[in-house]
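Novice: Here you go, input.pdb (PDB, C-alpha atoms, pLDDT in the B column):
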```pdb
ATOM      1  CA  MET A   1     117.204-152.873 -88.715  1.00 76.00           C
ATOM      2  CA  ASN A   2     118.705-155.668 -86.583  1.00 92.00           C
ATOM      3  CA  LYS A   3     121.494-153.460 -85.208  1.00 97.00           C
ATOM      4  CA  LEU A   4     120.875-155.053 -81.813  1.00 98.00           C
ATOM      5  CA  LYS A   5     120.535-158.643 -83.026  1.00 97.00           C
ATOM      6  CA  HIS A   6     121.734-161.239 -80.495  1.00 96.00           C
ATOM      7  CA  LYS A   7     121.892-158.587 -77.748  1.00 98.00           C
ATOM      8  CA  VAL A   8     120.030-158.758 -74.449  1.00 98.00           C
ATOM      9  CA  ALA A   9     118.673-155.356 -73.415  1.00 98.00           C
ATOM     10  CA  VAL A  10     117.142-154.228 -70.113  1.00 98.00           C
ATOM     11  CA  VAL A  11     114.973-151.115 -69.829  1.00 98.00           C
ATOM     12  CA  THR A  12     114.086-149.875 -66.350  1.00 98.00           C
ATOM     13  CA  GLY A  13     110.765-148.075 -66.120  1.00 97.00           C
ATOM     14  CA  GLY A  14     109.890-149.657 -69.427  1.00 97.00           C
ATOM     15  CA  ASN A  15     106.123-149.824 -69.034  1.00 97.00           C
ATOM     16  CA  SER A  16     105.396-146.283 -70.316  1.00 96.00           C
ATOM     17  CA  GLY A  17     106.744-143.186 -72.049  1.00 96.00           C
ATOM     18  CA  ILE A  18     110.336-143.144 -73.272  1.00 97.00           C
ATOM     19  CA  GLY A  19     111.042-146.515 -71.672  1.00 98.00           C
ATOM     20  CA  TYR A  20     108.160-148.193 -73.490  1.00 98.00           C
ATOM     21  CA  ALA A  21     109.090-146.589 -76.817  1.00 98.00           C
ATOM     22  CA  THR A  22     112.714-147.638 -76.372  1.00 98.00           C
ATOM     23  CA  ALA A  23     111.814-151.226 -75.479  1.00 98.00           C
ATOM     24  CA  LYS A  24     109.756-151.349 -78.671  1.00 98.00           C
ATOM     25  CA  LYS A  25     112.633-149.892 -80.700  1.00 98.00           C
ATOM     26  CA  PHE A  26     115.133-152.332 -79.183  1.00 98.00           C
ATOM     27  CA  LYS A  27     112.898-155.251 -80.152  1.00 98.00           C
ATOM     28  CA  GLU A  28     112.520-153.892 -83.693  1.00 98.00           C
ATOM     29  CA  GLU A  29     116.317-153.773 -83.884  1.00 98.00           C
ATOM     30  CA  GLY A  30     116.526-157.459 -83.000  1.00 98.00           C
ATOM     31  CA  ALA A  31     117.277-157.407 -79.277  1.00 98.00           C
ATOM     32  CA  THR A  32     115.885-159.696 -76.613  1.00 98.00           C
ATOM     33  CA  VAL A  33     114.222-157.143 -74.325  1.00 98.00           C
ATOM     34  CA  ILE A  34     113.361-157.147 -70.627  1.00 98.00           C
ATOM     35  CA  ILE A  35     111.505-154.251 -69.007  1.00 98.00           C
ATOM     36  CA  THR A  36     111.209-153.501 -65.305  1.00 98.00           C
ATOM     37  CA  GLY A  37     108.804-151.315 -63.371  1.00 97.00           C
ATOM     38  CA  ARG A  38     107.155-150.873 -59.967  1.00 96.00           C
ATOM     39  CA  SER A  39     103.596-151.796 -60.915  1.00 96.00           C
ATOM     40  CA  LYS A  40     102.996-155.463 -61.740  1.00 97.00           C
ATOM     41  CA  GLU A  41      99.800-154.584 -63.595  1.00 98.00           C
ATOM     42  CA  ARG A  42     101.505-151.987 -65.797  1.00 97.00           C
ATOM     43  CA  VAL A  43     104.613-154.070 -66.393  1.00 98.00           C
ATOM     44  CA  ASP A  44     102.584-157.144 -67.343  1.00 98.00           C
ATOM     45  CA  LYS A  45     100.372-155.093 -69.667  1.00 98.00           C
ATOM     46  CA  ALA A  46     103.327-153.454 -71.444  1.00 98.00           C
ATOM     47  CA  ALA A  47     105.239-156.722 -71.729  1.00 98.00           C
ATOM     48  CA  LEU A  48     102.198-158.436 -73.256  1.00 98.00           C
ATOM     49  CA  GLU A  49     101.652-155.599 -75.746  1.00 98.00           C
ATOM     50  CA  LEU A  50     105.291-155.613 -76.806  1.00 98.00           C
ATOM     51  CA  GLY A  51     105.808-159.366 -76.727  1.00 98.00           C
ATOM     52  CA  ILE A  52     108.758-159.135 -74.362  1.00 98.00           C
ATOM     53  CA  LYS A  53     109.714-160.102 -70.801  1.00 98.00           C
ATOM     54  CA  GLY A  54     108.554-158.037 -67.825  1.00 98.00           C
ATOM     55  CA  VAL A  55     110.066-158.083 -64.329  1.00 98.00           C
ATOM     56  CA  VAL A  56     108.613-156.175 -61.382  1.00 97.00           C
ATOM     57  CA  ALA A  57     111.234-154.125 -59.515  1.00 97.00           C
ATOM     58  CA  ASP A  58     111.343-150.745 -57.802  1.00 97.00           C
ATOM     59  CA  VAL A  59     114.776-149.228 -58.443  1.00 97.00           C
ATOM     60  CA  SER A  60     114.671-147.451 -55.082  1.00 96.00           C
ATOM     61  CA  ASP A  61     114.299-150.821 -53.315  1.00 97.00           C
ATOM     62  CA  MET A  62     117.739-152.453 -53.198  1.00 97.00           C
ATOM     63  CA  GLU A  63     116.403-155.901 -52.311  1.00 97.00           C
ATOM     64  CA  ALA A  64     113.879-155.828 -55.161  1.00 97.00           C
ATOM     65  CA  LEU A  65     116.582-154.632 -57.545  1.00 97.00           C
ATOM     66  CA  SER A  66     118.911-157.457 -56.498  1.00 98.00           C
ATOM     67  CA  LYS A  67     116.161-160.029 -56.986  1.00 98.00           C
ATOM     68  CA  ALA A  68     115.398-158.663 -60.456  1.00 98.00           C
ATOM     69  CA  VAL A  69     119.052-158.898 -61.477  1.00 98.00           C
ATOM     70  CA  GLU A  70     119.274-162.458 -60.163  1.00 98.00           C
ATOM     71  CA  HIS A  71     116.120-163.397 -62.073  1.00 98.00           C
ATOM     72  CA  ILE A  72     117.493-161.927 -65.307  1.00 98.00           C
ATOM     73  CA  LYS A  73     120.863-163.618 -64.746  1.00 98.00           C
ATOM     74  CA  ASN A  74     119.221-167.019 -64.269  1.00 98.00           C
ATOM     75  CA  GLU A  75     117.152-166.667 -67.440  1.00 97.00           C
ATOM     76  CA  TYR A  76     119.489-164.771 -69.789  1.00 98.00           C
ATOM     77  CA  ARG A  77     122.945-165.187 -68.181  1.00 97.00           C
ATOM     78  CA  ALA A  78     124.263-161.779 -69.261  1.00 98.00           C
ATOM     79  CA  VAL A  79     123.139-158.352 -70.487  1.00 98.00           C
ATOM     80  CA  ASP A  80     124.513-156.261 -73.375  1.00 98.00           C
ATOM     81  CA  VAL A  81     122.430-153.071 -73.078  1.00 98.00           C
ATOM     82  CA  LEU A  82     121.180-151.355 -69.928  1.00 99.00           C
ATOM     83  CA  PHE A  83     118.870-148.371 -70.352  1.00 98.00           C
ATOM     84  CA  VAL A  84     118.587-146.708 -66.939  1.00 98.00           C
ATOM     85  CA  ASN A  85     115.340-144.915 -67.612  1.00 98.00           C
ATOM     86  CA  ALA A  86     113.179-145.085 -64.470  1.00 97.00           C
ATOM     87  CA  GLY A  87     112.498-141.629 -63.056  1.00 96.00           C
ATOM     88  CA  VAL A  88     109.981-139.331 -61.402  1.00 95.00           C
ATOM     89  CA  PHE A  89     109.271-135.602 -61.414  1.00 94.00           C
ATOM     90  CA  GLU A  90     107.815-133.455 -58.661  1.00 93.00           C
ATOM     91  CA  GLY A  91     107.874-129.674 -58.935  1.00 92.00           C
ATOM     92  CA  ALA A  92     107.995-127.172 -56.097  1.00 94.00           C
ATOM     93  CA  PRO A  93     109.471-123.691 -55.574  1.00 95.00           C
ATOM     94  CA  ILE A  94     112.402-123.242 -53.232  1.00 97.00           C
ATOM     95  CA  GLY A  95     110.949-122.558 -49.829  1.00 97.00           C
ATOM     96  CA  SER A  96     108.269-125.206 -50.339  1.00 97.00           C
ATOM     97  CA  ILE A  97     110.470-128.261 -50.863  1.00 97.00           C
ATOM     98  CA  SER A  98     109.663-131.045 -48.433  1.00 97.00           C
ATOM     99  CA  GLU A  99     112.073-133.680 -47.183  1.00 97.00           C
ATOM    100  CA  GLU A 100     109.716-136.329 -48.540  1.00 97.00           C
ATOM    101  CA  MET A 101     109.831-134.769 -52.022  1.00 97.00           C
ATOM    102  CA  PHE A 102     113.618-134.561 -51.888  1.00 98.00           C
ATOM    103  CA  ASP A 103     114.036-138.172 -50.781  1.00 98.00           C
ATOM    104  CA  HIS A 104     111.519-139.513 -53.295  1.00 97.00           C
ATOM    105  CA  GLN A 105     113.142-137.932 -56.326  1.00 97.00           C
ATOM    106  CA  MET A 106     116.715-138.576 -55.253  1.00 98.00           C
ATOM    107  CA  SER A 107     115.986-142.190 -54.300  1.00 98.00           C
ATOM    108  CA  ILE A 108     114.705-142.981 -57.789  1.00 98.00           C
ATOM    109  CA  ASN A 109     116.400-140.512 -60.148  1.00 98.00           C
ATOM    110  CA  PHE A 110     119.891-140.672 -58.678  1.00 98.00           C
ATOM    111  CA  LYS A 111     120.325-143.394 -56.054  1.00 98.00           C
ATOM    112  CA  GLY A 112     118.124-145.767 -58.035  1.00 98.00           C
ATOM    113  CA  ALA A 113     120.056-145.068 -61.237  1.00 98.00           C
ATOM    114  CA  VAL A 114     123.454-145.510 -59.588  1.00 98.00           C
ATOM    115  CA  PHE A 115     122.524-148.769 -57.918  1.00 98.00           C
ATOM    116  CA  THR A 116     120.847-150.100 -61.038  1.00 98.00           C
ATOM    117  CA  THR A 117     124.268-149.935 -62.654  1.00 98.00           C
ATOM    118  CA  GLU A 118     125.968-151.308 -59.523  1.00 98.00           C
ATOM    119  CA  LYS A 119     123.645-154.304 -59.362  1.00 98.00           C
ATOM    120  CA  PHE A 120     123.798-155.071 -63.083  1.00 98.00           C
ATOM    121  CA  LEU A 121     127.562-154.661 -63.528  1.00 98.00           C
ATOM    122  CA  PRO A 122     128.411-158.255 -62.597  1.00 98.00           C
ATOM    123  CA  ILE A 123     126.149-159.579 -65.356  1.00 98.00           C
ATOM    124  CA  LEU A 124     127.051-157.003 -68.022  1.00 98.00           C
ATOM    125  CA  ASN A 125     129.127-158.393 -70.857  1.00 98.00           C
ATOM    126  CA  ASP A 126     132.422-156.670 -71.582  1.00 98.00           C
ATOM    127  CA  GLY A 127     131.681-154.124 -74.298  1.00 98.00           C
ATOM    128  CA  ALA A 128     128.156-153.524 -73.009  1.00 98.00           C
ATOM    129  CA  SER A 129     126.415-150.169 -73.349  1.00 98.00           C
ATOM    130  CA  ILE A 130     124.737-148.290 -70.499  1.00 99.00           C
ATOM    131  CA  ILE A 131     122.508-145.323 -71.285  1.00 99.00           C
ATOM    132  CA  ASN A 132     121.266-143.055 -68.493  1.00 98.00           C
ATOM    133  CA  LEU A 133     118.125-141.022 -69.083  1.00 98.00           C
ATOM    134  CA  SER A 134     118.827-137.547 -67.740  1.00 98.00           C
ATOM    135  CA  SER A 135     117.260-134.199 -68.686  1.00 96.00           C
ATOM    136  CA  ILE A 136     118.153-130.760 -69.980  1.00 93.00           C
ATOM    137  CA  ASN A 137     116.737-129.572 -66.657  1.00 93.00           C
ATOM    138  CA  ALA A 138     120.163-130.376 -65.247  1.00 95.00           C
ATOM    139  CA  TYR A 139     121.330-127.102 -66.841  1.00 92.00           C
ATOM    140  CA  THR A 140     118.360-124.811 -67.434  1.00 87.00           C
ATOM    141  CA  GLY A 141     117.762-123.348 -63.970  1.00 87.00           C
ATOM    142  CA  MET A 142     114.055-123.639 -64.666  1.00 86.00           C
ATOM    143  CA  PRO A 143     111.874-122.530 -61.724  1.00 89.00           C
ATOM    144  CA  ASN A 144     110.186-125.174 -59.553  1.00 91.00           C
ATOM    145  CA  THR A 145     112.519-127.973 -60.666  1.00 93.00           C
ATOM    146  CA  ALA A 146     115.431-127.586 -58.246  1.00 96.00           C
ATOM    147  CA  ILE A 147     115.467-131.115 -56.846  1.00 97.00           C
ATOM    148  CA  TYR A 148     114.581-132.856 -60.096  1.00 97.00           C
ATOM    149  CA  ALA A 149     117.296-130.848 -61.861  1.00 97.00           C
ATOM    150  CA  ALA A 150     119.826-131.610 -59.126  1.00 98.00           C
ATOM    151  CA  SER A 151     119.106-135.337 -59.383  1.00 98.00           C
ATOM    152  CA  LYS A 152     119.773-135.232 -63.121  1.00 98.00           C
ATOM    153  CA  ALA A 153     122.894-133.071 -62.779  1.00 98.00           C
ATOM    154  CA  ALA A 154     124.244-135.597 -60.286  1.00 98.00           C
ATOM    155  CA  LEU A 155     123.467-138.414 -62.735  1.00 98.00           C
ATOM    156  CA  ASN A 156     125.364-136.655 -65.527  1.00 98.00           C
ATOM    157  CA  SER A 157     128.386-136.137 -63.292  1.00 98.00           C
ATOM    158  CA  TYR A 158     128.274-139.792 -62.274  1.00 98.00           C
ATOM    159  CA  THR A 159     128.101-140.804 -65.955  1.00 98.00           C
ATOM    160  CA  ARG A 160     131.339-139.001 -66.781  1.00 98.00           C
ATOM    161  CA  THR A 161     133.254-140.633 -63.944  1.00 98.00           C
ATOM    162  CA  ALA A 162     131.758-144.048 -64.639  1.00 98.00           C
ATOM    163  CA  ALA A 163     132.859-143.807 -68.288  1.00 98.00           C
ATOM    164  CA  THR A 164     136.476-143.499 -67.168  1.00 98.00           C
ATOM    165  CA  GLU A 165     136.286-146.354 -64.697  1.00 98.00           C
ATOM    166  CA  LEU A 166     134.356-148.779 -66.907  1.00 98.00           C
ATOM    167  CA  ALA A 167     136.536-148.247 -69.980  1.00 98.00           C
ATOM    168  CA  ALA A 168     138.864-151.071 -68.912  1.00 98.00           C
ATOM    169  CA  ARG A 169     135.986-153.476 -69.605  1.00 98.00           C
ATOM    170  CA  LYS A 170     135.073-151.572 -72.771  1.00 98.00           C
ATOM    171  CA  VAL A 171     131.714-150.846 -71.167  1.00 98.00           C
ATOM    172  CA  ARG A 172     130.387-147.576 -72.545  1.00 98.00           C
ATOM    173  CA  ILE A 173     128.107-145.281 -70.579  1.00 98.00           C
ATOM    174  CA  ASN A 174     126.380-142.172 -71.900  1.00 98.00           C
ATOM    175  CA  ALA A 175     123.579-139.826 -70.862  1.00 98.00           C
ATOM    176  CA  VAL A 176     120.633-138.627 -72.924  1.00 98.00           C
ATOM    177  CA  ASN A 177     119.115-135.247 -72.008  1.00 97.00           C
ATOM    178  CA  PRO A 178     115.595-134.913 -73.425  1.00 96.00           C
ATOM    179  CA  GLY A 179     113.877-131.570 -73.518  1.00 91.00           C
ATOM    180  CA  PRO A 180     110.084-131.282 -73.164  1.00 89.00           C
ATOM    181  CA  THR A 181     108.747-134.658 -74.280  1.00 90.00           C
ATOM    182  CA  ASP A 182     105.192-135.909 -74.464  1.00 87.00           C
ATOM    183  CA  THR A 183     105.329-138.550 -71.716  1.00 76.00           C
ATOM    184  CA  PRO A 184     103.308-139.415 -68.578  1.00 70.00           C
ATOM    185  CA  ILE A 185     106.162-138.509 -66.170  1.00 55.00           C
ATOM    186  CA  HIS A 186     104.504-135.303 -64.925  1.00 49.00           C
ATOM    187  CA  GLY A 187     101.449-137.282 -63.951  1.00 49.00           C
ATOM    188  CA  LYS A 188     103.577-139.344 -61.575  1.00 50.00           C
ATOM    189  CA  GLY A 189     104.294-136.388 -59.359  1.00 48.00           C
ATOM    190  CA  SER A 190     102.220-133.848 -57.559  1.00 48.00           C
ATOM    191  CA  GLY A 191     100.723-130.776 -59.167  1.00 51.00           C
ATOM    192  CA  ASP A 192      97.468-129.245 -60.278  1.00 57.00           C
ATOM    193  CA  LYS A 193      96.392-130.465 -63.745  1.00 64.00           C
ATOM    194  CA  GLU A 194      95.426-126.980 -64.931  1.00 66.00           C
ATOM    195  CA  GLN A 195      98.739-125.597 -63.670  1.00 56.00           C
ATOM    196  CA  LEU A 196     100.681-128.315 -65.490  1.00 61.00           C
ATOM    197  CA  GLU A 197      98.785-127.686 -68.729  1.00 66.00           C
ATOM    198  CA  GLY A 198      99.532-123.972 -68.521  1.00 64.00           C
ATOM    199  CA  PHE A 199     103.159-124.706 -67.814  1.00 61.00           C
ATOM    200  CA  ALA A 200     103.325-127.046 -70.823  1.00 69.00           C
ATOM    201  CA  LYS A 201     101.848-124.364 -73.088  1.00 71.00           C
ATOM    202  CA  GLN A 202     104.403-121.859 -71.847  1.00 68.00           C
ATOM    203  CA  MET A 203     107.248-124.296 -72.452  1.00 73.00           C
ATOM    204  CA  LYS A 204     106.115-125.109 -75.974  1.00 78.00           C
ATOM    205  CA  ALA A 205     106.230-121.435 -76.898  1.00 76.00           C
ATOM    206  CA  ARG A 206     109.950-121.439 -76.024  1.00 80.00           C
ATOM    207  CA  ILE A 207     110.895-124.452 -78.153  1.00 86.00           C
ATOM    208  CA  PRO A 208     112.397-123.345 -81.488  1.00 87.00           C
ATOM    209  CA  LEU A 209     110.851-126.344 -83.270  1.00 88.00           C
ATOM    210  CA  ASN A 210     107.513-125.330 -81.685  1.00 84.00           C
ATOM    211  CA  ARG A 211     106.499-128.753 -80.387  1.00 88.00           C
ATOM    212  CA  PHE A 212     107.240-131.293 -77.698  1.00 91.00           C
ATOM    213  CA  GLY A 213     109.452-134.226 -78.528  1.00 93.00           C
ATOM    214  CA  ARG A 214     108.044-137.705 -79.048  1.00 96.00           C
ATOM    215  CA  PRO A 215     109.175-140.722 -77.024  1.00 97.00           C
ATOM    216  CA  GLU A 216     109.976-142.517 -80.287  1.00 97.00           C
ATOM    217  CA  GLU A 217     112.495-139.809 -81.186  1.00 98.00           C
ATOM    218  CA  VAL A 218     114.329-140.244 -77.900  1.00 98.00           C
ATOM    219  CA  ALA A 219     114.172-144.010 -78.377  1.00 98.00           C
ATOM    220  CA  SER A 220     115.982-143.704 -81.712  1.00 98.00           C
ATOM    221  CA  LEU A 221     118.850-141.830 -80.055  1.00 98.00           C
ATOM    222  CA  VAL A 222     119.043-144.354 -77.226  1.00 98.00           C
ATOM    223  CA  SER A 223     119.033-147.209 -79.743  1.00 98.00           C
ATOM    224  CA  PHE A 224     121.972-145.629 -81.565  1.00 98.00           C
ATOM    225  CA  LEU A 225     123.945-145.364 -78.310  1.00 98.00           C
ATOM    226  CA  ALA A 226     123.075-148.986 -77.530  1.00 98.00           C
ATOM    227  CA  SER A 227     124.353-150.238 -80.874  1.00 98.00           C
ATOM    228  CA  ASP A 228     127.853-150.874 -82.184  1.00 97.00           C
ATOM    229  CA  ASP A 229     127.424-147.809 -84.419  1.00 97.00           C
ATOM    230  CA  SER A 230     128.401-145.783 -81.338  1.00 98.00           C
ATOM    231  CA  ALA A 231     131.336-148.012 -80.350  1.00 98.00           C
ATOM    232  CA  PHE A 232     133.711-145.036 -79.931  1.00 98.00           C
ATOM    233  CA  ILE A 233     131.311-142.965 -77.808  1.00 98.00           C
ATOM    234  CA  THR A 234     131.414-142.948 -74.013  1.00 98.00           C
ATOM    235  CA  GLY A 235     131.048-140.379 -71.253  1.00 98.00           C
ATOM    236  CA  GLY A 236     128.936-138.154 -73.482  1.00 98.00           C
ATOM    237  CA  GLU A 237     125.721-136.226 -72.966  1.00 97.00           C
ATOM    238  CA  TYR A 238     123.325-135.855 -75.855  1.00 97.00           C
ATOM    239  CA  ASN A 239     120.588-133.227 -75.880  1.00 96.00           C
ATOM    240  CA  ILE A 240     117.405-133.999 -77.778  1.00 96.00           C
ATOM    241  CA  ASP A 241     115.370-130.915 -77.028  1.00 92.00           C
ATOM    242  CA  GLY A 242     114.025-129.214 -80.151  1.00 91.00           C
ATOM    243  CA  GLY A 243     116.537-126.397 -79.677  1.00 89.00           C
ATOM    244  CA  VAL A 244     115.629-125.470 -76.104  1.00 85.00           C
ATOM    245  CA  GLY A 245     119.319-125.432 -75.223  1.00 81.00           C
ATOM    246  CA  ILE A 246     119.795-122.369 -77.423  1.00 80.00           C
ATOM    247  CA  ASN A 247     116.645-120.615 -76.267  1.00 64.00           C
ATOM    248  CA  PRO A 248     115.488-119.636 -72.743  1.00 58.00           C
ATOM    249  CA  LEU A 249     112.805-121.926 -71.325  1.00 50.00           C
ATOM    250  CA  LEU A 250     110.987-119.087 -69.617  1.00 49.00           C
ATOM    251  CA  PRO A 251     110.956-115.306 -69.988  1.00 50.00           C
TER     252      PRO A 251
END
```
Let me see whether you can do it: turn the structure in this file into structure tokens.

Specialist:
Amino acid sequence: MNKLKHKVAVVTGGNSGIGYATAKKFKEEGATVIITGRSKERVDKAALELGIKGVVADVSDMEALSKAVEHIKNEYRAVDVLFVNAGVFEGAPIGSISEEMFDHQMSINFKGAVFTTEKFLPILNDGASIINLSSINAYTGMPNTAIYAASKAALNSYTRTAATELAARKVRINAVNPGPTDTPIHGKGSGDKEQLEGFAKQMKARIPLNRFGRPEEVASLVSFLASDDSAFITGGEYNIDGGVGINPLLP
């Protein structure tokens, strides 16, 4: 406990799922926590439940992102931990991918992630930790996830280069690749509910540990990467997938 004491931590997309669980974990570890999200209602509700600060900001909106950073700077001066978590998923087979779907996922999952770091860099303390939430989909070749997977693969590539460039400030940046995790992200995209449930059942059968991950389990890994316990770790990617990486997702 208290491994993040005296640290200021920001979690984007912190009103639900892995972001919410991580914000809770950060607070338990002693951090001062700020969450961001697109929906004022959801952000306010989560912030009240957790007893932390909530700031409304859409990471795909550069002006809103800049205003959020300025607000956090004015209130907290500097940030020690940045969890770049906000993301969306929309599935479609190749041949049915729309420009709108492409732009939506890339604008949040990749562009939004990159510019979250860009905007926060001036107020990050030297020695800060950045954690990008990616996905094992970056490597699986799973059907119907081409654009989502590409956005995460791009984020992982960016993370490696950023680790080299930010090392002069002793700022560490790592990526976490969850496997199938019980979160609301699939509900944010398009897709038939029955189809998604069938897909989830099929995925579970291919997980060696025979279950989906829990947001709290991902949060524990993120908390480790945020803490000084991981002071010699940067530019890494960490799978937390129940063994999916050693077993095909689909037959």

Novice: Give me, as a Markdown table, the closest atom pair and its distance (Å, one decimal) for every residue of stretch 75-155 of chain A within a cut-off of 12 Å of stretch 22-36 of chain A, counting only C-alpha atoms, rows sorted by chain and rising number.

Specialist:
```
| residue | atom | partner | partner_atom | distance |
| --- | --- | --- | --- | --- |
| A:Glu75 | CA | A:Ile34 | CA | 10.7 |
| A:Tyr76 | CA | A:Thr32 | CA | 9.2 |
| A:Ala78 | CA | A:Thr32 | CA | 11.3 |
| A:Val79 | CA | A:Thr32 | CA | 9.6 |
| A:Asp80 | CA | A:Ala31 | CA | 9.4 |
| A:Val81 | CA | A:Ala31 | CA | 9.2 |
| A:Leu82 | CA | A:Ile34 | CA | 9.8 |
| A:Phe83 | CA | A:Thr22 | CA | 8.6 |
| A:Val84 | CA | A:Thr36 | CA | 10.2 |
| A:Asn85 | CA | A:Thr22 | CA | 9.5 |
| A:Ala86 | CA | A:Thr36 | CA | 8.7 |
| A:Thr116 | CA | A:Thr36 | CA | 11.1 |
| A:Ile131 | CA | A:Thr22 | CA | 11.3 |
| A:Leu133 | CA | A:Thr22 | CA | 11.2 |
```

Novice: At a cut-off of 10 Å, using only C-alpha atoms, what residues contact A:Glu49? Leave out same-chain residues fewer than 4 positions from it and give the result as a JSON list (two decimals) with C-alpha atoms, in the frame of the given file.

Specialist:
```
[["chain", "number", "residue", "atom", "x", "y", "z"],
["A", 15, "ASN", "CA", 106.12, -149.82, -69.03],
["A", 24, "LYS", "CA", 109.76, -151.35, -78.67],
["A", 43, "VAL", "CA", 104.61, -154.07, -66.39],
["A", 44, "ASP", "CA", 102.58, -157.14, -67.34],
["A", 45, "LYS", "CA", 100.37, -155.09, -69.67]]
```

Novice: Between A:Gly236, A:Gly213, A:Arg38, A:Phe102, which is the closest to A:Ala149 once you count all atoms listed in the file?

Specialist: A:Phe102

Novice: For A:Ala162, which residue among A:Ala175, A:Met101, A:Ala150, A:Ile207 is the nearest when counting only C-alpha atoms?

Specialist: A:Ala175

Novice: Provide the atom CA of A:Thr140 to atom CA of A:Ser227 distance in Å, to one decimal place.

Specialist: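 We find that atom CA of A:Thr140 and atom CA of A:Ser227 lie 29.4 Å from each other.
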
Novice: Using all atoms listed in the file, pick whichever of A:Lys5, A:Gly91, A:Lys170, A:Gly19 has the shortest atom-to-atom distance to A:Ala219.

Specialist: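 Ranking A:Lys5, A:Gly91, A:Lys170, A:Gly19 by distance to A:Ala219, first place goes to A:Gly19.
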
Novice: With all atoms listed in the file as the counted atoms, please give the residues lying no more than 9 Å from A:Pro143, apart from itself and same-chain residues fewer than 3 positions off, as a list of chain:residue names.

Specialist: A:Gly91, A:Ala92, A:Pro93, A:Ile94, A:Thr140, A:Ala146, A:Leu250

Novice: Could you give me the centre and size, in Å to one decimal, of an axis-aligned box around all listed atoms of stretch 207-211 of chain A with 3 Å added on every side, as AutoDock Vina command-line options?

Specialist:
```
--center_x 109.4 --center_y -126.0 --center_z -80.7 --size_x 11.9 --size_y 11.4 --size_z 11.1
```

Novice: Go ahead and find all residues with at least one atom no further than 12 Å from (108.2, -136.5, -51.2) in the file's coordinates, using only C-alpha atoms; report them as a PyMOL selection string.

Specialist: chain A and resi 88-92+96-108+147-148+188-190

Novice: Tell me which of A:Pro122, A:Gly112, A:Gly51, A:Pro208 sits closest to A:Lys73, counting only C-alpha atoms.

Specialist: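 With only C-alpha atoms as the atom set, the closest residue is A:Pro122.
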
Novice: Quick one: pull the distance between atom CA of A:Ala47 and atom CA of A:His71, Å, one decimal.

Specialist: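 A separation of 16.0 Å between them.
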
Novice: I'd like to know which of A:Thr12, A:Val222, A:Pro215, A:Ala46 is closest to A:Pro184, using only C-alpha atoms.

Specialist: A:Pro215

Novice: Using all atoms listed in the file, find the one residue out of A:Ser16, A:Val114, A:Ser129, A:Thr161 that sits nearest to A:Asp229.

Specialist: A:Ser129

Novice: Report, in Å to a single decimal, how far apart atom CA of A:Gly54 and atom CA of A:Ile123 are.

Specialist: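 Atom-to-atom, atom CA of A:Ile123 and atom CA of A:Gly54 are spaced 17.8 Å apart.
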
Novice: Around (107.1, -137.8, -76.7), as given in the file, which residues come within 10 Å? Count all atoms listed in the file and list them as a compact mmCIF listing (two decimals) with C-alpha atoms, in the coordinates of the input.

Specialist:
```
# COMPACT_ATOMS: atom_id res chain seq x y z
CA GLY A 17 106.74 -143.19 -72.05
CA ILE A 18 110.34 -143.14 -73.27
CA ALA A 21 109.09 -146.59 -76.82
CA PRO A 178 115.60 -134.91 -73.42
CA GLY A 179 113.88 -131.57 -73.52
CA PRO A 180 110.08 -131.28 -73.16
CA THR A 181 108.75 -134.66 -74.28
CA ASP A 182 105.19 -135.91 -74.46
CA THR A 183 105.33 -138.55 -71.72
CA PRO A 184 103.31 -139.42 -68.58
CA ARG A 211 106.50 -128.75 -80.39
CA PHE A 212 107.24 -131.29 -77.70
CA GLY A 213 109.45 -134.23 -78.53
CA ARG A 214 108.04 -137.71 -79.05
CA PRO A 215 109.18 -140.72 -77.02
CA GLU A 216 109.98 -142.52 -80.29
CA GLU A 217 112.50 -139.81 -81.19
CA VAL A 218 114.33 -140.24 -77.90
CA ALA A 219 114.17 -144.01 -78.38
```

Novice: Using the chain letters and residue numbers of this document, give as a VMD selection string the residues selected by the PyMOL selection byres ((chain A and resi 136) around 9).

Specialist: chain A and resid 134 to 135 137 to 140 149 152 to 153 176 to 180 239 to 241 244 to 245

Novice: Generate the coordinates of N, CA, C and O atoms for stretch 56-60 of chain A; report them as an mmCIF file, in the coordinates of the input.

Specialist:
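Final output, saved to result.cif:
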```cif
data_model
loop_
_atom_site.group_PDB
_atom_site.id
_atom_site.type_symbol
_atom_site.label_atom_id
_atom_site.label_comp_id
_atom_site.auth_asym_id
_atom_site.auth_seq_id
_atom_site.Cartn_x
_atom_site.Cartn_y
_atom_site.Cartn_z
ATOM 1 N N VAL A 56 109.022 -157.219 -62.322
ATOM 2 C CA VAL A 56 108.613 -156.175 -61.382
ATOM 3 C C VAL A 56 109.769 -155.848 -60.451
ATOM 4 O O VAL A 56 110.338 -156.735 -59.806
ATOM 5 N N ALA A 57 110.151 -154.567 -60.402
ATOM 6 C CA ALA A 57 111.234 -154.125 -59.515
ATOM 7 C C ALA A 57 111.181 -152.620 -59.360
ATOM 8 O O ALA A 57 111.092 -151.888 -60.340
ATOM 9 N N ASP A 58 111.257 -152.167 -58.132
ATOM 10 C CA ASP A 58 111.343 -150.745 -57.802
ATOM 11 C C ASP A 58 112.817 -150.415 -57.645
ATOM 12 O O ASP A 58 113.496 -150.975 -56.779
ATOM 13 N N VAL A 59 113.342 -149.506 -58.473
ATOM 14 C CA VAL A 59 114.776 -149.228 -58.443
ATOM 15 C C VAL A 59 115.233 -148.561 -57.153
ATOM 16 O O VAL A 59 116.430 -148.512 -56.866
ATOM 17 N N SER A 60 114.296 -148.044 -56.364
ATOM 18 C CA SER A 60 114.671 -147.451 -55.082
ATOM 19 C C SER A 60 114.697 -148.487 -53.961
ATOM 20 O O SER A 60 115.076 -148.183 -52.825
#
```
